[in-house]
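What follows is the content of upload35.cif (mmCIF, C-alpha atoms and all ligand atoms).
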```
data_start
#
loop_
_atom_site.label_atom_id
_atom_site.label_comp_id
_atom_site.auth_asym_id
_atom_site.auth_seq_id
_atom_site.Cartn_x
_atom_site.Cartn_y
_atom_site.Cartn_z
CA MET A 72 129.35 131.01 -75.96
CA GLU A 73 126.91 131.35 -78.82
CA LYS A 74 123.22 130.96 -78.06
CA ALA A 75 121.77 127.70 -79.40
CA ASP A 76 118.86 129.44 -81.09
CA THR A 77 118.46 127.13 -84.08
CA PRO A 78 118.90 123.36 -84.44
CA LEU A 79 121.93 124.04 -86.64
CA HIS A 80 123.59 126.22 -83.99
CA SER A 81 122.84 123.67 -81.31
CA VAL A 82 124.38 120.82 -83.31
CA GLN A 83 127.38 122.98 -84.23
CA GLN A 84 127.91 123.81 -80.58
CA LYS A 85 127.81 120.14 -79.60
CA ILE A 86 130.31 119.38 -82.36
CA ARG A 87 132.66 122.05 -81.03
CA GLU A 88 132.36 120.67 -77.50
CA ALA A 89 132.97 117.09 -78.66
CA CYS A 90 136.00 118.24 -80.65
CA ARG A 91 137.35 120.05 -77.62
CA ARG A 92 136.94 116.94 -75.44
CA ALA A 93 138.62 114.86 -78.14
CA ARG A 94 141.40 117.47 -78.47
CA ARG A 95 140.61 117.87 -82.13
CA GLY A 96 140.06 121.01 -84.16
CA ALA A 97 136.41 121.75 -84.94
CA ASP A 98 137.41 122.14 -88.59
CA GLU A 99 138.37 118.45 -88.69
CA VAL A 100 134.70 117.45 -88.71
CA THR A 101 132.30 118.09 -91.60
CA LEU A 102 128.62 118.21 -90.68
CA ILE A 103 126.47 116.71 -93.43
CA ALA A 104 122.83 117.74 -93.03
CA VAL A 105 120.87 114.69 -94.22
CA SER A 106 117.77 116.17 -95.82
CA LYS A 107 116.27 113.00 -97.28
CA ARG A 108 112.45 113.02 -97.41
CA HIS A 109 112.34 116.66 -96.29
CA PRO A 110 110.98 119.13 -98.83
CA ALA A 111 113.02 122.03 -100.20
CA SER A 112 111.09 124.37 -97.90
CA ALA A 113 112.52 122.56 -94.86
CA VAL A 114 116.05 122.61 -96.28
CA GLU A 115 116.18 126.24 -97.27
CA PRO A 116 116.44 127.72 -93.74
CA LEU A 117 119.77 125.91 -93.29
CA LEU A 118 120.98 127.25 -96.61
CA PHE A 119 120.07 130.77 -95.48
CA GLU A 120 122.04 130.12 -92.29
CA GLY A 121 125.03 129.44 -94.50
CA HIS A 122 125.23 125.66 -94.26
CA ARG A 123 126.54 124.04 -97.44
CA HIS A 124 127.01 120.26 -96.89
CA PHE A 125 123.87 118.20 -97.45
CA GLY A 126 123.15 114.49 -97.77
CA GLU A 127 120.51 112.59 -99.69
CA ASN A 128 119.96 108.84 -99.91
CA ARG A 129 118.13 108.55 -103.22
CA VAL A 130 119.40 109.76 -106.58
CA GLN A 131 115.97 110.50 -107.98
CA GLU A 132 114.81 112.49 -104.96
CA ALA A 133 118.02 114.52 -105.07
CA GLN A 134 117.54 115.19 -108.79
CA GLU A 135 114.09 116.55 -108.09
CA LYS A 136 115.07 118.67 -105.10
CA TRP A 137 118.56 120.06 -105.59
CA PRO A 138 119.02 121.72 -108.98
CA ALA A 139 116.63 124.56 -108.06
CA LEU A 140 118.09 124.93 -104.54
CA ARG A 141 121.60 125.01 -105.94
CA GLU A 142 120.66 127.76 -108.32
CA ARG A 143 119.54 129.93 -105.41
CA HIS A 144 122.38 128.96 -103.06
CA PRO A 145 125.76 128.54 -104.74
CA GLY A 146 128.50 126.39 -103.23
CA VAL A 147 126.42 123.42 -102.07
CA GLN A 148 128.29 120.14 -101.62
CA LEU A 149 125.92 117.24 -102.08
CA HIS A 150 126.71 113.87 -100.47
CA LEU A 151 125.11 110.58 -101.47
CA VAL A 152 124.64 108.61 -98.25
CA GLY A 153 122.38 105.82 -99.50
CA GLN A 154 122.87 102.63 -101.45
CA LEU A 155 123.62 103.16 -105.12
CA GLN A 156 122.46 100.92 -107.96
CA SER A 157 124.99 100.53 -110.76
CA ASN A 158 122.49 101.76 -113.35
CA LYS A 159 122.27 105.09 -111.48
CA ALA A 160 126.04 105.58 -111.32
CA GLU A 161 126.12 108.11 -114.12
CA ASP A 162 123.28 110.20 -112.66
CA ALA A 163 125.00 110.08 -109.26
CA ALA A 164 128.34 111.15 -110.73
CA ALA A 165 126.69 114.11 -112.43
CA LEU A 166 124.83 115.31 -109.34
CA PHE A 167 126.84 114.46 -106.21
CA ASP A 168 130.15 115.84 -104.95
CA VAL A 169 130.90 112.95 -102.59
CA ILE A 170 129.63 109.36 -102.57
CA HIS A 171 129.54 107.51 -99.23
CA SER A 172 128.29 104.11 -100.40
CA LEU A 173 130.84 102.45 -102.65
CA ASP A 174 130.54 98.85 -101.48
CA ARG A 175 131.11 96.29 -104.24
CA PRO A 176 133.25 95.49 -107.27
CA SER A 177 130.41 96.00 -109.77
CA LEU A 178 129.93 99.53 -108.46
CA VAL A 179 133.66 100.26 -108.77
CA LYS A 180 133.32 99.41 -112.45
CA ALA A 181 130.13 101.38 -112.95
CA LEU A 182 131.51 104.46 -111.18
CA ALA A 183 134.83 104.37 -113.04
CA LYS A 184 132.88 104.35 -116.28
CA ALA A 185 130.52 107.09 -115.09
CA PHE A 186 133.42 109.32 -114.00
CA ASP A 187 134.96 108.92 -117.44
CA LYS A 188 131.75 109.72 -119.21
CA THR A 189 130.76 112.71 -117.09
CA ASP A 190 134.35 113.93 -116.81
CA ARG A 191 133.94 114.17 -113.03
CA GLN A 192 136.06 112.43 -110.40
CA VAL A 193 133.83 112.18 -107.36
CA PRO A 194 135.57 111.28 -104.07
CA CYS A 195 134.12 108.04 -102.66
CA PHE A 196 133.90 106.59 -99.18
CA VAL A 197 133.90 102.81 -99.13
CA GLN A 198 130.97 101.66 -97.00
CA VAL A 199 131.90 98.84 -94.63
CA ASP A 200 129.34 96.34 -93.33
CA ILE A 201 130.68 96.90 -89.85
CA GLY A 202 127.93 95.04 -87.95
CA ASP A 203 127.46 92.10 -90.29
CA GLU A 204 124.09 93.34 -91.56
CA PRO A 205 124.17 92.78 -95.34
CA GLN A 206 120.70 94.30 -95.82
CA LYS A 207 122.19 97.73 -95.06
CA GLY A 208 124.76 97.42 -97.81
CA GLY A 209 128.44 97.77 -97.21
CA CYS A 210 131.44 95.64 -98.01
CA PRO A 211 132.14 92.74 -95.64
CA VAL A 212 135.20 93.52 -93.52
CA SER A 213 136.95 90.45 -94.94
CA GLU A 214 136.54 91.74 -98.50
CA LEU A 215 137.64 95.30 -97.81
CA PRO A 216 141.31 94.92 -98.83
CA ALA A 217 140.34 93.49 -102.23
CA LEU A 218 137.69 96.15 -102.86
CA LEU A 219 140.09 98.96 -101.97
CA ALA A 220 142.68 97.48 -104.32
CA GLN A 221 140.12 97.34 -107.12
CA ALA A 222 139.05 100.92 -106.48
CA ARG A 223 142.67 102.10 -106.52
CA ASP A 224 143.30 100.19 -109.76
CA ALA A 225 140.28 101.87 -111.31
CA GLU A 226 141.59 105.27 -110.10
CA ILE A 227 138.52 106.01 -108.02
CA PRO A 228 139.42 108.88 -105.67
CA LEU A 229 139.12 107.37 -102.18
CA ALA A 230 137.94 109.70 -99.42
CA GLY A 231 137.83 107.13 -96.63
CA LEU A 232 135.51 104.60 -95.02
CA MET A 233 131.87 104.89 -94.01
CA CYS A 234 129.72 102.81 -91.65
CA LEU A 235 126.20 102.51 -90.32
CA PRO A 236 126.42 100.55 -87.04
CA PRO A 237 123.58 98.29 -85.88
CA ALA A 238 120.67 100.17 -84.31
CA ASP A 239 119.97 99.92 -80.58
CA ILE A 240 123.37 98.76 -79.41
CA GLU A 241 126.38 100.72 -78.25
CA PRO A 242 127.99 102.11 -81.42
CA ALA A 243 131.42 102.99 -79.99
CA PRO A 244 133.11 99.62 -80.71
CA PHE A 245 131.96 99.84 -84.34
CA PHE A 246 133.26 103.40 -84.70
CA ALA A 247 136.57 102.29 -83.18
CA LEU A 248 136.78 99.41 -85.65
CA LEU A 249 136.09 101.69 -88.62
CA ASP A 250 138.78 104.07 -87.38
CA LYS A 251 141.25 101.20 -87.13
CA LEU A 252 140.39 99.91 -90.61
CA ALA A 253 140.84 103.39 -92.08
CA ARG A 254 144.21 103.73 -90.36
CA ASP A 255 145.32 100.25 -91.50
CA HIS A 256 144.53 101.17 -95.08
CA GLY A 257 146.00 104.66 -94.99
CA LEU A 258 142.68 106.42 -95.52
CA GLU A 259 141.95 109.80 -94.02
CA GLY A 260 138.15 110.04 -93.93
CA ARG A 261 135.79 108.37 -91.48
CA SER A 262 132.12 108.95 -92.28
CA MET A 263 130.36 107.85 -89.11
CA GLY A 264 127.90 109.16 -86.55
CA MET A 265 124.26 110.22 -86.89
CA SER A 266 121.83 112.25 -84.74
CA GLY A 267 121.98 109.89 -81.77
CA ASP A 268 125.70 109.23 -81.65
CA TYR A 269 127.73 111.87 -83.50
CA GLU A 270 129.49 113.09 -80.36
CA THR A 271 130.72 109.55 -79.67
CA ALA A 272 131.78 109.24 -83.31
CA ILE A 273 133.77 112.48 -83.05
CA MET A 274 135.60 111.12 -79.97
CA LEU A 275 136.54 108.09 -82.06
CA GLY A 276 137.83 109.94 -85.10
CA ALA A 277 134.85 110.80 -87.32
CA THR A 278 135.71 113.32 -90.03
CA HIS A 279 132.21 113.40 -91.56
CA ILE A 280 129.06 113.08 -89.49
CA ARG A 281 125.66 112.55 -91.15
CA VAL A 282 122.91 114.21 -89.15
CA GLY A 283 119.24 114.35 -90.15
CA THR A 284 116.70 114.25 -87.32
CA ALA A 285 118.61 116.56 -84.96
CA LEU A 286 118.54 119.27 -87.65
CA PHE A 287 115.20 118.75 -89.39
CA GLY A 288 113.05 116.88 -86.88
CA GLU A 289 111.35 113.58 -87.63
CA ARG A 290 111.25 112.63 -91.30
CA PRO A 291 107.85 112.67 -93.01
CA ALA A 292 106.58 109.18 -93.86
CA ASN A 293 107.41 107.97 -97.36
C1 LIG B 301 119.09 108.96 -92.78
C2 LIG B 301 120.54 108.73 -92.64
C3 LIG B 301 121.30 109.44 -91.69
C4 LIG B 301 120.72 110.46 -90.73
O1 LIG B 301 120.07 109.81 -89.68
P1 LIG B 301 119.47 110.62 -88.41
O2 LIG B 301 119.35 109.59 -87.37
O3 LIG B 301 118.18 111.21 -88.85
O4 LIG B 301 120.47 111.66 -88.05
C5 LIG B 301 122.66 109.19 -91.65
N1 LIG B 301 123.25 108.29 -92.47
C6 LIG B 301 122.54 107.61 -93.40
C7 LIG B 301 123.24 106.64 -94.27
C8 LIG B 301 121.17 107.80 -93.50
O5 LIG B 301 120.49 107.10 -94.41
#
```

Would it be possible to restate this file's structure as structure tokens?
Amino acid sequence: MEKADTPLHSVQQKIREACRRARRGADEVTLIAVSKRHPASAVEPLLFEGHRHFGENRVQEAQEKWPALRERHPGVQLHLVGQLQSNKAEDAAALFDVIHSLDRPSLVKALAKAFDKTDRQVPCFVQVDIGDEPQKGGCPVSELPALLAQARDAEIPLAGLMCLPPADIEPAPFFALLDKLARDHGLEGRSMGMSGDYETAIMLGATHIRVGTALFGERPAN
């Protein structure tokens, strides 16, 4: 077994073990390194280690940080994991390779228009308000069928569903619910699991885990 000599290796090893326990292939899970609020100098060691999937939660911060990093490290896949305002849809379409926070009809419209204009079709996860916490964003579970229909009508490429379960309570039931919703709607991707619970999420079908603190340490204050 590989020595866990860097945070990245240690997380990768835990992913492999969780996949083995879940009888899943390790290549079924994409690790997104959430680098929000960390400077380029903190991100670059992971790039040198060969990691290529990164997540940011603010369009403007990503615009400031990533063009230079991408120039030095080709092949980066950038994931937007934070709430998106409609007036930033075009900037997001131009910069990101995957969007994890499609959560309302107005954003379906804005993104469809942005994809047209930028000539990019960015795969989107529909974020579900799995714990009934509207302040976190996400589509209410009851409105999910209508939103998915709208997104399909607008020809938004749908990658799957994403959730952010309530803090400080057992996340497994929420992961299981997201997995069921994805299955019910014929969607392949499940973006769920963060530093504290990604192994549980993998047991319950996560295809994309979003890990910040376990890779970069505590985030600097804003
Ligand atoms: C910050 C963030 C993460 C990473 O959280 P950690 O607990 O630091 O791993 C994951 N998902 C989203 C949507 C985030 O905003």

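Every protein or nucleic acid residue with an atom no more than 10 Å from Ser172 of chain A, counting only C-alpha atoms and leaving out same-chain residues fewer than 5 positions away, appears here: Asn128, His150, Leu151, Val152, Gly153, Gln154, Leu155, Leu178, Cys195, Phe196, Val197, Gln198, Val199, Gly208, Gly209, Cys210, Leu232, Met233 and Cys234 of chain A.
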
With 9 Å as the threshold, what does the neighbourhood of (128.7, 103.6, -113.4) contain in terms of residues, counting all atoms listed in the file? Coordinates are those of the file; answer as a PDB file with C-alpha atoms, in the frame of the given file.
```pdb
ATOM      1  CA  GLN A 156     122.460 100.920-107.960  1.00  0.00           C
ATOM      2  CA  SER A 157     124.990 100.530-110.760  1.00  0.00           C
ATOM      3  CA  ASN A 158     122.490 101.760-113.350  1.00  0.00           C
ATOM      4  CA  LYS A 159     122.270 105.090-111.480  1.00  0.00           C
ATOM      5  CA  ALA A 160     126.040 105.580-111.320  1.00  0.00           C
ATOM      6  CA  GLU A 161     126.120 108.110-114.120  1.00  0.00           C
ATOM      7  CA  ASP A 162     123.280 110.200-112.660  1.00  0.00           C
ATOM      8  CA  ALA A 163     125.000 110.080-109.260  1.00  0.00           C
ATOM      9  CA  ALA A 164     128.340 111.150-110.730  1.00  0.00           C
ATOM     10  CA  SER A 177     130.410  96.000-109.770  1.00  0.00           C
ATOM     11  CA  LEU A 178     129.930  99.530-108.460  1.00  0.00           C
ATOM     12  CA  VAL A 179     133.660 100.260-108.770  1.00  0.00           C
ATOM     13  CA  LYS A 180     133.320  99.410-112.450  1.00  0.00           C
ATOM     14  CA  ALA A 181     130.130 101.380-112.950  1.00  0.00           C
ATOM     15  CA  LEU A 182     131.510 104.460-111.180  1.00  0.00           C
ATOM     16  CA  ALA A 183     134.830 104.370-113.040  1.00  0.00           C
ATOM     17  CA  LYS A 184     132.880 104.350-116.280  1.00  0.00           C
ATOM     18  CA  ALA A 185     130.520 107.090-115.090  1.00  0.00           C
ATOM     19  CA  PHE A 186     133.420 109.320-114.000  1.00  0.00           C
ATOM     20  CA  LYS A 188     131.750 109.720-119.210  1.00  0.00           C
TER      21      LYS A 188
END
```

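Between atom O3 of ligand LIG 301 (chain B) and atom CA of Val282 of chain A the separation is 5.6 Å.
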
* Asked: At what distance in Å, to one decimal, does atom CA of Gly283 of chain A lie from atom O1 of ligand LIG 301 (chain B)?
  -> 4.6 Å

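The closest residue to ligand LIG 301 (chain B), picked from A:His122, A:Arg108, A:Arg141, A:Lys251 and counting all atoms listed in the file, is A:Arg108.
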
Each residue of chain A with at least one atom at most 8 Å from ligand LIG 301 (chain B) should appear once, together with its nearest atom pair and the corresponding distance in Å (one decimal); atoms considered: all atoms listed in the file; ordering: chain, then increasing residue number; output as a tab-separated table.
```
residue	atom	partner	partner_atom	distance
A:Ala104	CA	B:LIG301	C4	7.9
A:Val105	CA	B:LIG301	C4	5.5
A:Ser106	CA	B:LIG301	C1	7.9
A:Lys107	CA	B:LIG301	C1	6.7
A:Glu127	CA	B:LIG301	O5	7.6
A:Asn128	CA	B:LIG301	O5	5.8
A:Val152	CA	B:LIG301	C7	4.7
A:Gly153	CA	B:LIG301	C7	5.4
A:Cys234	CA	B:LIG301	C7	8.0
A:Leu235	CA	B:LIG301	C7	6.4
A:Met263	CA	B:LIG301	N1	7.9
A:Gly264	CA	B:LIG301	C5	7.3
A:Met265	CA	B:LIG301	O4	4.2
A:Ser266	CA	B:LIG301	O4	3.6
A:Gly267	CA	B:LIG301	O2	6.2
A:Ile280	CA	B:LIG301	C5	7.8
A:Arg281	CA	B:LIG301	C5	4.5
A:Val282	CA	B:LIG301	O4	3.7
A:Gly283	CA	B:LIG301	O3	3.6
A:Thr284	CA	B:LIG301	O3	3.7
A:Ala285	CA	B:LIG301	O4	6.1
A:Leu286	CA	B:LIG301	O4	7.9
A:Gly288	CA	B:LIG301	O3	7.9
A:Glu289	CA	B:LIG301	O3	7.3
A:Arg290	CA	B:LIG301	O3	7.5
```

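Between atom CA of Leu117 of chain A and atom CA of Ala272 of chain A the separation is 22.8 Å.
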
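Only residues having an atom at most 6 Å from (121.1, 128.9, -102.0) are included; using all atoms listed in the file, these are A:Leu118, A:Leu140, A:Arg141, A:Arg143, A:His144, A:Pro145.
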
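Comparing the minimum interatomic distances between Asp174 of chain A and each of A:Leu149, A:Leu215, A:Cys90, A:Val130, counting only C-alpha atoms, we find that A:Leu215 sits nearest.
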
* To do: Within 9 Å of Pro78 of chain A, counting all atoms listed in the file, which residues show up once you throw out same-chain ones fewer than 3 positions away? Write them as an MDAnalysis selection string, please.
  => chainID A and resid 75 81:83 285:287

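Closest approach to Ala97 of chain A from the set A:Ile273, A:Val147, A:Ala292, A:Ile201 is made by A:Ile273, with distances taken over all atoms listed in the file.
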
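Of the residues under consideration (A:Ala113, A:Ala253, A:Leu229, A:Ala277), A:Ala277 shows the shortest atom-to-atom contact distance to Ile86 of chain A when counting only C-alpha atoms.
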
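Compared by their closest atoms to Asp255 of chain A, and using only C-alpha atoms, the residues A:Met274, A:Gly231, A:Gln206, A:Gln84 rank with A:Gly231 nearest.
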
So which residues touch Pro228 of chain A within 12 Å, counting all atoms listed in the file, skipping near sequence neighbours fewer than 4 positions away, as a PDB file with C-alpha atoms, in the frame of the given file?
```pdb
ATOM      1  CA  ASP A 168     130.150 115.840-104.950  1.00  0.00           C
ATOM      2  CA  VAL A 169     130.900 112.950-102.590  1.00  0.00           C
ATOM      3  CA  ILE A 170     129.630 109.360-102.570  1.00  0.00           C
ATOM      4  CA  HIS A 171     129.540 107.510 -99.230  1.00  0.00           C
ATOM      5  CA  LEU A 173     130.840 102.450-102.650  1.00  0.00           C
ATOM      6  CA  VAL A 179     133.660 100.260-108.770  1.00  0.00           C
ATOM      7  CA  LEU A 182     131.510 104.460-111.180  1.00  0.00           C
ATOM      8  CA  ALA A 183     134.830 104.370-113.040  1.00  0.00           C
ATOM      9  CA  PHE A 186     133.420 109.320-114.000  1.00  0.00           C
ATOM     10  CA  ARG A 191     133.940 114.170-113.030  1.00  0.00           C
ATOM     11  CA  GLN A 192     136.060 112.430-110.400  1.00  0.00           C
ATOM     12  CA  VAL A 193     133.830 112.180-107.360  1.00  0.00           C
ATOM     13  CA  PRO A 194     135.570 111.280-104.070  1.00  0.00           C
ATOM     14  CA  CYS A 195     134.120 108.040-102.660  1.00  0.00           C
ATOM     15  CA  PHE A 196     133.900 106.590 -99.180  1.00  0.00           C
ATOM     16  CA  VAL A 197     133.900 102.810 -99.130  1.00  0.00           C
ATOM     17  CA  LEU A 219     140.090  98.960-101.970  1.00  0.00           C
ATOM     18  CA  ALA A 220     142.680  97.480-104.320  1.00  0.00           C
ATOM     19  CA  GLN A 221     140.120  97.340-107.120  1.00  0.00           C
ATOM     20  CA  ALA A 222     139.050 100.920-106.480  1.00  0.00           C
ATOM     21  CA  ARG A 223     142.670 102.100-106.520  1.00  0.00           C
ATOM     22  CA  ASP A 224     143.300 100.190-109.760  1.00  0.00           C
ATOM     23  CA  LEU A 258     142.680 106.420 -95.520  1.00  0.00           C
ATOM     24  CA  GLU A 259     141.950 109.800 -94.020  1.00  0.00           C
ATOM     25  CA  GLY A 260     138.150 110.040 -93.930  1.00  0.00           C
TER      26      GLY A 260
END
```
